[in-house]
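Undergrad: Take this structure, written in structure tokens, and hold onto it; I'll ask about it next.
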Amino acid sequence: MNNKIKNSLKFLLVFSVMFSCKKEETKTSENLVVSDTISAVGSKEESFKPIDTACSAKNTTRDYVLAFQWYQKKTEKETANNLPEQNDKLYDDYSKIRNQYIACLNNAESKILEEYVNYYDSGSDSYKFPENVKKLKSELEKADLEFWDIGEGYTEIRSLPNHYYSIFKGKVTADYETYIYQLSKEEEVLYQGDAALNISWKELGNRTIFWENFVKKYPKSPLVSNAKEFYNNYLHDYLFGLDNTSTFNIVGETNYGLNEENKMEFRRFIKENPNSNTAKKVKQLIELFDSKISFEEIQKRINLEERNWEKYP
């Protein structure tokens, strides 16, 4: 499994502006409107046609920002009049469109993103940007976007963590609101970088049980497949860790057992969530490491490829 969610699910990946510049309006109106299920609102400002979501070298950053803003404003108007079930679908469509634009924007600004790590000044513990990057950063902020350092020298453009929740809070069904809110909180901090965990083991345990409980509570939700993927990824890392933050100590073929820090966290988790599927896996892991069998055999017996969700109520 990819450790960069991994999260990066992770499942990862909006607009309010008036367009008075005649030159930009003429240019963008020649582009195709992305195919989606968001209905037309009908006011004059909706005569603006955003660029297609198919990436094109002809599109400028400004084109993308205008499209982000247009779709955000359009979506915010529609959520006010829709039923929660309609807004569930609207969220699906809107997030898909926005993520497609973000992918194009990351590609268009690849040179700056590759050089981004060089702008960091260790002396002041801050970034010092040249004018062109400052300008881009300012443009991104207009569309609720930001630079995101994901470790190992890589940077990407992404939505602000709270972007979707700020639009759909109180306007979708319970499963969608729970899902969107959880993602907004998880995305506030980098999950891992340089193959090392950036959050605490307790936080990782809490994320794992959250997604297990989500699947149990909303088994028929359209979001359940995403939730299962989040759960499976987090469960793997909670049990075994990452390359540079392991839960155990193995030297060669010798099994020296689980780290004491992880044992303490596992005991806490079992006490607080005794009947969970995760607790069952944790108990099994502890027993296997205590038996001093090989790590290869431990992985085989834990068998995280098994998916027994159908047993859940």
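Letters A, B, ... mark the chains of the structure tokens in the order given; residue numbers begin at 1 per chain; ligand numbers begin at 1, in order shown.
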I'd like the contact shell of A:Val65 - 8 Å cut-off, only C-alpha atoms, skipping same-chain residues fewer than 2 positions apart - returned as a PDB file with all heavy atoms, in the first residue's frame.
TA:
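Wrote it out as result19.pdb, contents follow:
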```pdb
ATOM      1  N   THR A  61      -2.847  30.183 -15.302  1.00  0.00           N
ATOM      2  CA  THR A  61      -3.241  30.059 -13.902  1.00  0.00           C
ATOM      3  C   THR A  61      -4.477  30.896 -13.619  1.00  0.00           C
ATOM      4  O   THR A  61      -5.370  30.487 -12.876  1.00  0.00           O
ATOM      5  CB  THR A  61      -2.090  30.500 -12.983  1.00  0.00           C
ATOM      6  OG1 THR A  61      -0.979  29.625 -13.175  1.00  0.00           O
ATOM      7  CG2 THR A  61      -2.503  30.457 -11.525  1.00  0.00           C
ATOM      8  N   ARG A  62      -4.540  32.065 -14.249  1.00  0.00           N
ATOM      9  CA  ARG A  62      -5.708  32.930 -14.063  1.00  0.00           C
ATOM     10  C   ARG A  62      -6.972  32.248 -14.575  1.00  0.00           C
ATOM     11  O   ARG A  62      -8.043  32.358 -13.964  1.00  0.00           O
ATOM     12  CB  ARG A  62      -5.485  34.260 -14.794  1.00  0.00           C
ATOM     13  CG  ARG A  62      -6.612  35.267 -14.606  1.00  0.00           C
ATOM     14  CD  ARG A  62      -6.800  35.613 -13.145  1.00  0.00           C
ATOM     15  NE  ARG A  62      -7.829  36.619 -12.956  1.00  0.00           N
ATOM     16  CZ  ARG A  62      -8.442  36.854 -11.799  1.00  0.00           C
ATOM     17  NH1 ARG A  62      -8.119  36.145 -10.724  1.00  0.00           N
ATOM     18  NH2 ARG A  62      -9.357  37.787 -11.696  1.00  0.00           N
ATOM     19  N   ASP A  63      -6.865  31.536 -15.687  1.00  0.00           N
ATOM     20  CA  ASP A  63      -8.021  30.793 -16.208  1.00  0.00           C
ATOM     21  C   ASP A  63      -8.535  29.804 -15.168  1.00  0.00           C
ATOM     22  O   ASP A  63      -9.740  29.663 -14.953  1.00  0.00           O
ATOM     23  CB  ASP A  63      -7.638  30.030 -17.479  1.00  0.00           C
ATOM     24  CG  ASP A  63      -7.354  30.950 -18.660  1.00  0.00           C
ATOM     25  OD1 ASP A  63      -7.950  32.034 -18.722  1.00  0.00           O
ATOM     26  OD2 ASP A  63      -6.527  30.569 -19.521  1.00  0.00           O
ATOM     27  N   ALA A  67     -12.103  29.762 -13.001  1.00  0.00           N
ATOM     28  CA  ALA A  67     -12.964  28.576 -13.035  1.00  0.00           C
ATOM     29  C   ALA A  67     -13.262  28.079 -11.621  1.00  0.00           C
ATOM     30  O   ALA A  67     -14.411  27.736 -11.302  1.00  0.00           O
ATOM     31  CB  ALA A  67     -12.301  27.475 -13.855  1.00  0.00           C
ATOM     32  N   PHE A  68     -12.255  28.031 -10.768  1.00  0.00           N
ATOM     33  CA  PHE A  68     -12.456  27.644  -9.368  1.00  0.00           C
ATOM     34  C   PHE A  68     -13.494  28.552  -8.711  1.00  0.00           C
ATOM     35  O   PHE A  68     -14.417  28.083  -8.037  1.00  0.00           O
ATOM     36  CB  PHE A  68     -11.142  27.756  -8.589  1.00  0.00           C
ATOM     37  CG  PHE A  68     -10.191  26.605  -8.767  1.00  0.00           C
ATOM     38  CD1 PHE A  68      -8.904  26.817  -9.243  1.00  0.00           C
ATOM     39  CD2 PHE A  68     -10.559  25.313  -8.441  1.00  0.00           C
ATOM     40  CE1 PHE A  68      -8.017  25.767  -9.396  1.00  0.00           C
ATOM     41  CE2 PHE A  68      -9.680  24.248  -8.590  1.00  0.00           C
ATOM     42  CZ  PHE A  68      -8.405  24.485  -9.074  1.00  0.00           C
ATOM     43  N   GLN A  69     -13.329  29.853  -8.904  1.00  0.00           N
ATOM     44  CA  GLN A  69     -14.224  30.820  -8.270  1.00  0.00           C
ATOM     45  C   GLN A  69     -15.649  30.684  -8.799  1.00  0.00           C
ATOM     46  O   GLN A  69     -16.616  30.754  -8.029  1.00  0.00           O
ATOM     47  CB  GLN A  69     -13.691  32.236  -8.505  1.00  0.00           C
ATOM     48  CG  GLN A  69     -12.391  32.508  -7.772  1.00  0.00           C
ATOM     49  CD  GLN A  69     -11.806  33.856  -8.132  1.00  0.00           C
ATOM     50  OE1 GLN A  69     -11.891  34.288  -9.287  1.00  0.00           O
ATOM     51  NE2 GLN A  69     -11.222  34.527  -7.160  1.00  0.00           N
ATOM     52  N   GLU A 139      -2.677  34.395  -6.086  1.00  0.00           N
ATOM     53  CA  GLU A 139      -3.736  33.918  -6.971  1.00  0.00           C
ATOM     54  C   GLU A 139      -4.390  32.661  -6.407  1.00  0.00           C
ATOM     55  O   GLU A 139      -5.610  32.508  -6.427  1.00  0.00           O
ATOM     56  CB  GLU A 139      -3.174  33.637  -8.366  1.00  0.00           C
ATOM     57  CG  GLU A 139      -2.908  34.871  -9.196  1.00  0.00           C
ATOM     58  CD  GLU A 139      -4.180  35.624  -9.544  1.00  0.00           C
ATOM     59  OE1 GLU A 139      -5.024  35.072 -10.284  1.00  0.00           O
ATOM     60  OE2 GLU A 139      -4.346  36.753  -9.052  1.00  0.00           O
ATOM     61  N   LEU A 140      -3.583  31.754  -5.893  1.00  0.00           N
ATOM     62  CA  LEU A 140      -4.114  30.501  -5.338  1.00  0.00           C
ATOM     63  C   LEU A 140      -5.035  30.768  -4.156  1.00  0.00           C
ATOM     64  O   LEU A 140      -6.079  30.115  -4.002  1.00  0.00           O
ATOM     65  CB  LEU A 140      -2.966  29.595  -4.907  1.00  0.00           C
ATOM     66  CG  LEU A 140      -2.032  29.073  -5.996  1.00  0.00           C
ATOM     67  CD1 LEU A 140      -0.925  28.225  -5.386  1.00  0.00           C
ATOM     68  CD2 LEU A 140      -2.798  28.275  -7.044  1.00  0.00           C
ATOM     69  N   LYS A 142      -7.033  33.113  -3.717  1.00  0.00           N
ATOM     70  CA  LYS A 142      -8.349  33.561  -4.176  1.00  0.00           C
ATOM     71  C   LYS A 142      -9.287  32.389  -4.446  1.00  0.00           C
ATOM     72  O   LYS A 142     -10.505  32.568  -4.502  1.00  0.00           O
ATOM     73  CB  LYS A 142      -8.199  34.395  -5.453  1.00  0.00           C
ATOM     74  CG  LYS A 142      -7.427  35.689  -5.268  1.00  0.00           C
ATOM     75  CD  LYS A 142      -7.222  36.388  -6.611  1.00  0.00           C
ATOM     76  CE  LYS A 142      -6.373  37.637  -6.466  1.00  0.00           C
ATOM     77  NZ  LYS A 142      -6.126  38.298  -7.771  1.00  0.00           N
ATOM     78  N   ALA A 143      -8.718  31.215  -4.622  1.00  0.00           N
ATOM     79  CA  ALA A 143      -9.516  30.025  -4.921  1.00  0.00           C
ATOM     80  C   ALA A 143      -9.432  28.982  -3.812  1.00  0.00           C
ATOM     81  O   ALA A 143      -9.704  27.803  -4.028  1.00  0.00           O
ATOM     82  CB  ALA A 143      -9.056  29.413  -6.242  1.00  0.00           C
TER      83      ALA A 143
END
```
Undergrad: Enumerate the residues of stretch 35-267 of chain A with a DSSP assignment of helix (DSSP H, G or I), computed from the backbone, and present them as a PyMOL selection string.
TA: chain A and resi 44-47+61-81+84-108+110-119+131-141+163-168+174-186+201-217+224-240+260-267
Undergrad: Please return, as a PDB file with N, CA, C and O atoms, in the first residue's frame, all residues of stretch 12-218 of chain A that DSSP assigns to strand (DSSP E) on the basis of the backbone.
TA:
```pdb
ATOM      1  N   TYR A 120      12.927  27.700   0.908  1.00  0.00           N
ATOM      2  CA  TYR A 120      12.931  27.644   2.381  1.00  0.00           C
ATOM      3  C   TYR A 120      14.243  28.176   2.921  1.00  0.00           C
ATOM      4  O   TYR A 120      15.325  27.791   2.490  1.00  0.00           O
ATOM      5  N   ASP A 121      14.145  29.080   3.903  1.00  0.00           N
ATOM      6  CA  ASP A 121      15.316  29.671   4.547  1.00  0.00           C
ATOM      7  C   ASP A 121      15.418  29.133   5.976  1.00  0.00           C
ATOM      8  O   ASP A 121      14.593  29.477   6.833  1.00  0.00           O
ATOM      9  N   SER A 126      11.471  29.988   7.573  1.00  0.00           N
ATOM     10  CA  SER A 126      10.345  30.452   6.772  1.00  0.00           C
ATOM     11  C   SER A 126      10.717  30.401   5.292  1.00  0.00           C
ATOM     12  O   SER A 126      11.883  30.209   4.939  1.00  0.00           O
ATOM     13  N   TYR A 127       9.714  30.583   4.454  1.00  0.00           N
ATOM     14  CA  TYR A 127       9.948  30.597   3.017  1.00  0.00           C
ATOM     15  C   TYR A 127      10.154  32.030   2.527  1.00  0.00           C
ATOM     16  O   TYR A 127       9.467  32.954   2.970  1.00  0.00           O
ATOM     17  N   LEU A 145      -6.808  27.740  -2.345  1.00  0.00           N
ATOM     18  CA  LEU A 145      -5.737  26.801  -2.653  1.00  0.00           C
ATOM     19  C   LEU A 145      -4.468  27.227  -1.933  1.00  0.00           C
ATOM     20  O   LEU A 145      -4.290  28.392  -1.572  1.00  0.00           O
ATOM     21  N   GLU A 146      -3.568  26.268  -1.748  1.00  0.00           N
ATOM     22  CA  GLU A 146      -2.297  26.564  -1.095  1.00  0.00           C
ATOM     23  C   GLU A 146      -1.208  25.625  -1.569  1.00  0.00           C
ATOM     24  O   GLU A 146      -1.476  24.559  -2.129  1.00  0.00           O
ATOM     25  N   PHE A 147       0.052  26.049  -1.346  1.00  0.00           N
ATOM     26  CA  PHE A 147       1.188  25.160  -1.547  1.00  0.00           C
ATOM     27  C   PHE A 147       1.226  24.199  -0.362  1.00  0.00           C
ATOM     28  O   PHE A 147       0.990  24.586   0.780  1.00  0.00           O
ATOM     29  N   TRP A 148       1.557  22.947  -0.630  1.00  0.00           N
ATOM     30  CA  TRP A 148       1.565  21.930   0.431  1.00  0.00           C
ATOM     31  C   TRP A 148       2.833  21.099   0.300  1.00  0.00           C
ATOM     32  O   TRP A 148       3.001  20.352  -0.676  1.00  0.00           O
ATOM     33  N   ASP A 149       3.738  21.257   1.259  1.00  0.00           N
ATOM     34  CA  ASP A 149       4.986  20.500   1.286  1.00  0.00           C
ATOM     35  C   ASP A 149       4.683  19.093   1.788  1.00  0.00           C
ATOM     36  O   ASP A 149       4.294  18.911   2.941  1.00  0.00           O
ATOM     37  N   ILE A 150       4.862  18.095   0.930  1.00  0.00           N
ATOM     38  CA  ILE A 150       4.506  16.723   1.296  1.00  0.00           C
ATOM     39  C   ILE A 150       5.738  15.870   1.631  1.00  0.00           C
ATOM     40  O   ILE A 150       5.645  14.660   1.755  1.00  0.00           O
ATOM     41  N   GLY A 151       6.898  16.513   1.775  1.00  0.00           N
ATOM     42  CA  GLY A 151       8.092  15.790   2.187  1.00  0.00           C
ATOM     43  C   GLY A 151       8.918  15.274   1.026  1.00  0.00           C
ATOM     44  O   GLY A 151       8.470  15.250  -0.123  1.00  0.00           O
ATOM     45  N   TYR A 154       9.137  17.303  -2.224  1.00  0.00           N
ATOM     46  CA  TYR A 154       7.988  17.457  -3.112  1.00  0.00           C
ATOM     47  C   TYR A 154       6.978  18.453  -2.547  1.00  0.00           C
ATOM     48  O   TYR A 154       6.720  18.485  -1.337  1.00  0.00           O
ATOM     49  N   THR A 155       6.418  19.240  -3.445  1.00  0.00           N
ATOM     50  CA  THR A 155       5.375  20.204  -3.086  1.00  0.00           C
ATOM     51  C   THR A 155       4.251  20.096  -4.105  1.00  0.00           C
ATOM     52  O   THR A 155       4.497  19.851  -5.287  1.00  0.00           O
ATOM     53  N   GLU A 156       3.025  20.256  -3.645  1.00  0.00           N
ATOM     54  CA  GLU A 156       1.895  20.232  -4.556  1.00  0.00           C
ATOM     55  C   GLU A 156       0.929  21.345  -4.183  1.00  0.00           C
ATOM     56  O   GLU A 156       1.013  21.944  -3.105  1.00  0.00           O
ATOM     57  N   ILE A 157       0.027  21.630  -5.084  1.00  0.00           N
ATOM     58  CA  ILE A 157      -1.051  22.584  -4.827  1.00  0.00           C
ATOM     59  C   ILE A 157      -2.275  21.793  -4.406  1.00  0.00           C
ATOM     60  O   ILE A 157      -2.604  20.769  -5.011  1.00  0.00           O
ATOM     61  N   ARG A 158      -2.952  22.237  -3.385  1.00  0.00           N
ATOM     62  CA  ARG A 158      -4.131  21.523  -2.892  1.00  0.00           C
ATOM     63  C   ARG A 158      -5.160  22.511  -2.362  1.00  0.00           C
ATOM     64  O   ARG A 158      -4.870  23.705  -2.154  1.00  0.00           O
ATOM     65  N   SER A 159      -6.380  22.023  -2.111  1.00  0.00           N
ATOM     66  CA  SER A 159      -7.421  22.836  -1.485  1.00  0.00           C
ATOM     67  C   SER A 159      -7.097  23.035  -0.014  1.00  0.00           C
ATOM     68  O   SER A 159      -6.478  22.168   0.625  1.00  0.00           O
ATOM     69  N   GLN A 192       2.401  11.955   6.802  1.00  0.00           N
ATOM     70  CA  GLN A 192       3.738  11.374   6.828  1.00  0.00           C
ATOM     71  C   GLN A 192       4.621  12.074   5.820  1.00  0.00           C
ATOM     72  O   GLN A 192       4.151  12.636   4.839  1.00  0.00           O
ATOM     73  N   GLY A 193       5.920  12.063   6.101  1.00  0.00           N
ATOM     74  CA  GLY A 193       6.897  12.630   5.185  1.00  0.00           C
ATOM     75  C   GLY A 193       8.207  11.896   5.335  1.00  0.00           C
ATOM     76  O   GLY A 193       8.584  11.472   6.447  1.00  0.00           O
ATOM     77  N   ALA A 196       8.188   8.667   7.241  1.00  0.00           N
ATOM     78  CA  ALA A 196       8.089   8.716   8.702  1.00  0.00           C
ATOM     79  C   ALA A 196       6.737   9.305   9.088  1.00  0.00           C
ATOM     80  O   ALA A 196       6.221  10.214   8.424  1.00  0.00           O
ATOM     81  N   LEU A 197       6.176   8.792  10.159  1.00  0.00           N
ATOM     82  CA  LEU A 197       4.874   9.254  10.632  1.00  0.00           C
ATOM     83  C   LEU A 197       5.006  10.638  11.245  1.00  0.00           C
ATOM     84  O   LEU A 197       5.894  10.883  12.070  1.00  0.00           O
TER      85      LEU A 197
END
```
Undergrad: Give one line per residue of stretch 35-151 of chain A that approaches stretch 214-222 of chain A to at most 12 Å, naming the two atoms of the closest pair and their distance in Å to one decimal, counting only C-alpha atoms; sort by chain then ascending residue number and deliver it as CSV.
TA:
```
residue,atom,partner,partner_atom,distance
A:Glu85,CA,A:Pro222,CA,11.3
A:Asp88,CA,A:Pro222,CA,9.4
A:Lys89,CA,A:Pro222,CA,9.8
A:Tyr91,CA,A:Pro222,CA,11.9
A:Asp92,CA,A:Pro222,CA,9.9
```
Undergrad: Filtering to all heavy atoms, could you give me those residues as a CSV table (one decimal), in the first residue's frame?
TA:
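Generated output (part.csv):
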```csv
chain,number,residue,atom,x,y,z
A,85,GLU,N,-29.9,15.2,0.1
A,85,GLU,CA,-29.5,14.2,-0.8
A,85,GLU,C,-29.0,14.7,-2.1
A,85,GLU,O,-28.1,14.2,-2.7
A,85,GLU,CB,-30.7,13.2,-1.1
A,85,GLU,CG,-31.1,12.4,0.1
A,85,GLU,CD,-31.9,13.1,1.1
A,85,GLU,OE1,-32.3,14.3,0.8
A,85,GLU,OE2,-32.1,12.6,2.3
A,88,ASP,N,-25.5,15.9,-1.6
A,88,ASP,CA,-24.5,14.8,-1.5
A,88,ASP,C,-23.9,14.6,-2.9
A,88,ASP,O,-22.7,14.5,-3.1
A,88,ASP,CB,-25.2,13.5,-1.1
A,88,ASP,CG,-25.6,13.5,0.4
A,88,ASP,OD1,-25.2,14.4,1.1
A,88,ASP,OD2,-26.3,12.5,0.8
A,89,LYS,N,-24.8,14.6,-3.9
A,89,LYS,CA,-24.4,14.4,-5.3
A,89,LYS,C,-23.6,15.7,-5.8
A,89,LYS,O,-22.6,15.5,-6.5
A,89,LYS,CB,-25.6,14.2,-6.2
A,89,LYS,CG,-25.3,13.9,-7.7
A,89,LYS,CD,-24.5,12.6,-7.8
A,89,LYS,CE,-24.4,12.1,-9.2
A,89,LYS,NZ,-23.5,12.9,-10.0
A,91,TYR,N,-21.8,17.6,-3.9
A,91,TYR,CA,-20.4,17.4,-3.4
A,91,TYR,C,-19.6,16.5,-4.2
A,91,TYR,O,-18.4,16.8,-4.5
A,91,TYR,CB,-20.5,16.9,-1.9
A,91,TYR,CG,-19.1,16.5,-1.4
A,91,TYR,CD1,-18.2,17.4,-1.0
A,91,TYR,CD2,-18.8,15.1,-1.4
A,91,TYR,CE1,-16.9,17.0,-0.5
A,91,TYR,CE2,-17.5,14.7,-0.9
A,91,TYR,CZ,-16.6,15.7,-0.5
A,91,TYR,OH,-15.4,15.3,0.0
A,92,ASP,N,-20.1,15.4,-4.6
A,92,ASP,CA,-19.4,14.4,-5.4
A,92,ASP,C,-18.9,15.1,-6.7
A,92,ASP,O,-17.7,15.0,-7.1
A,92,ASP,CB,-20.2,13.2,-5.7
A,92,ASP,CG,-20.5,12.3,-4.5
A,92,ASP,OD1,-19.7,12.4,-3.6
A,92,ASP,OD2,-21.5,11.6,-4.5
```
Undergrad: List as number ranges by chain the protein and nucleic acid residues near A:Thr53, meaning an atom at most 8 Å away when only C-alpha atoms are counted, but skip any in the same chain fewer than 5 places from it.
TA: A: 34, 97, 100-101, 104
Undergrad: Could you take the residues named above and write them with N, CA and C atoms, as a JSON list (two decimals), in the first residue's frame?
TA:
```json
[["chain", "number", "residue", "atom", "x", "y", "z"],
["A", 34, "VAL", "N", -17.11, 22.19, -18.67],
["A", 34, "VAL", "CA", -16.90, 20.83, -18.22],
["A", 34, "VAL", "C", -18.23, 20.11, -18.10],
["A", 97, "ILE", "N", -14.70, 17.83, -10.05],
["A", 97, "ILE", "CA", -14.30, 18.91, -10.95],
["A", 97, "ILE", "C", -13.11, 19.67, -10.38],
["A", 100, "GLN", "N", -9.91, 17.76, -10.62],
["A", 100, "GLN", "CA", -9.40, 17.72, -11.99],
["A", 100, "GLN", "C", -8.67, 19.01, -12.33],
["A", 101, "TYR", "N", -9.24, 20.14, -11.92],
["A", 101, "TYR", "CA", -8.57, 21.42, -12.13],
["A", 101, "TYR", "C", -7.25, 21.48, -11.37],
["A", 104, "CYS", "N", -4.54, 19.66, -13.15],
["A", 104, "CYS", "CA", -4.05, 20.44, -14.28],
["A", 104, "CYS", "C", -3.14, 21.57, -13.80]]
```
Undergrad: Which residues are near A:Gly241? Cut-off 10 Å, only C-alpha atoms, ignore same chain within fewer than 4 positions. Put them as a PyMOL selection string.
TA: chain A and resi 3+195-197+201+204+234-237+245-248+262
Undergrad: What does the distance between atom CA of A:Val172 and atom CA of A:Val224 come to in Å, to one decimal place?
TA: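 If I compute the distance from atom CA of A:Val172 to atom CA of A:Val224, I get 15.7 Å.
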Undergrad: For stretch 281-293 of chain A, list every protein, DNA or RNA residue within 7 Å, evaluated using only C-alpha atoms, and leave out those in the same chain fewer than 6 positions away; present the list as an mmCIF file with all heavy atoms, in the first residue's frame.
TA:
```
data_model
loop_
_atom_site.group_PDB
_atom_site.id
_atom_site.type_symbol
_atom_site.label_atom_id
_atom_site.label_comp_id
_atom_site.auth_asym_id
_atom_site.auth_seq_id
_atom_site.Cartn_x
_atom_site.Cartn_y
_atom_site.Cartn_z
ATOM 1 N N LEU A 239 -0.542 -0.887 12.843
ATOM 2 C CA LEU A 239 0.022 -2.162 13.283
ATOM 3 C C LEU A 239 1.521 -2.256 13.022
ATOM 4 O O LEU A 239 2.282 -2.709 13.884
ATOM 5 C CB LEU A 239 -0.682 -3.324 12.587
ATOM 6 C CG LEU A 239 -2.171 -3.524 12.891
ATOM 7 C CD1 LEU A 239 -2.718 -4.679 12.069
ATOM 8 C CD2 LEU A 239 -2.401 -3.752 14.372
ATOM 9 N N ASN A 255 13.559 -11.392 15.647
ATOM 10 C CA ASN A 255 12.414 -10.617 16.093
ATOM 11 C C ASN A 255 12.621 -10.203 17.543
ATOM 12 O O ASN A 255 12.560 -11.030 18.450
ATOM 13 C CB ASN A 255 11.143 -11.463 15.950
ATOM 14 C CG ASN A 255 9.933 -10.850 16.617
ATOM 15 O OD1 ASN A 255 9.948 -9.696 17.013
ATOM 16 N ND2 ASN A 255 8.879 -11.640 16.749
ATOM 17 N N GLY A 257 10.693 -7.956 18.967
ATOM 18 C CA GLY A 257 9.391 -7.588 19.507
ATOM 19 C C GLY A 257 8.953 -6.172 19.210
ATOM 20 O O GLY A 257 9.635 -5.394 18.542
ATOM 21 N N LEU A 258 7.787 -5.832 19.730
ATOM 22 C CA LEU A 258 7.202 -4.507 19.534
ATOM 23 C C LEU A 258 7.905 -3.473 20.401
ATOM 24 O O LEU A 258 8.389 -3.780 21.493
ATOM 25 C CB LEU A 258 5.719 -4.533 19.888
ATOM 26 C CG LEU A 258 4.819 -5.362 18.973
ATOM 27 C CD1 LEU A 258 3.456 -5.575 19.625
ATOM 28 C CD2 LEU A 258 4.655 -4.673 17.620
ATOM 29 N N PHE A 266 -1.109 0.434 22.182
ATOM 30 C CA PHE A 266 -2.015 -0.669 21.891
ATOM 31 C C PHE A 266 -2.878 -1.010 23.107
ATOM 32 O O PHE A 266 -4.073 -1.297 22.976
ATOM 33 C CB PHE A 266 -1.222 -1.904 21.448
ATOM 34 C CG PHE A 266 -0.627 -1.781 20.063
ATOM 35 C CD1 PHE A 266 0.499 -2.519 19.722
ATOM 36 C CD2 PHE A 266 -1.192 -0.956 19.108
ATOM 37 C CE1 PHE A 266 1.057 -2.432 18.444
ATOM 38 C CE2 PHE A 266 -0.646 -0.862 17.828
ATOM 39 C CZ PHE A 266 0.477 -1.593 17.502
ATOM 40 N N ILE A 302 -1.239 -12.233 10.120
ATOM 41 C CA ILE A 302 -2.115 -11.077 10.318
ATOM 42 C C ILE A 302 -3.048 -10.936 9.123
ATOM 43 O O ILE A 302 -4.234 -10.647 9.250
ATOM 44 C CB ILE A 302 -1.294 -9.782 10.501
ATOM 45 C CG1 ILE A 302 -0.637 -9.764 11.890
ATOM 46 C CG2 ILE A 302 -2.183 -8.542 10.339
ATOM 47 C CD1 ILE A 302 -1.605 -9.572 13.038
#
```
Undergrad: Taking 3 positions as the minimum chain separation for residues in the same chain, which residues sit within 10 Å of A:Lys169 when counting only C-alpha atoms? Answer as a ChimeraX atom specification.
TA: /A:79,164-166,172-173,176-178,180-181
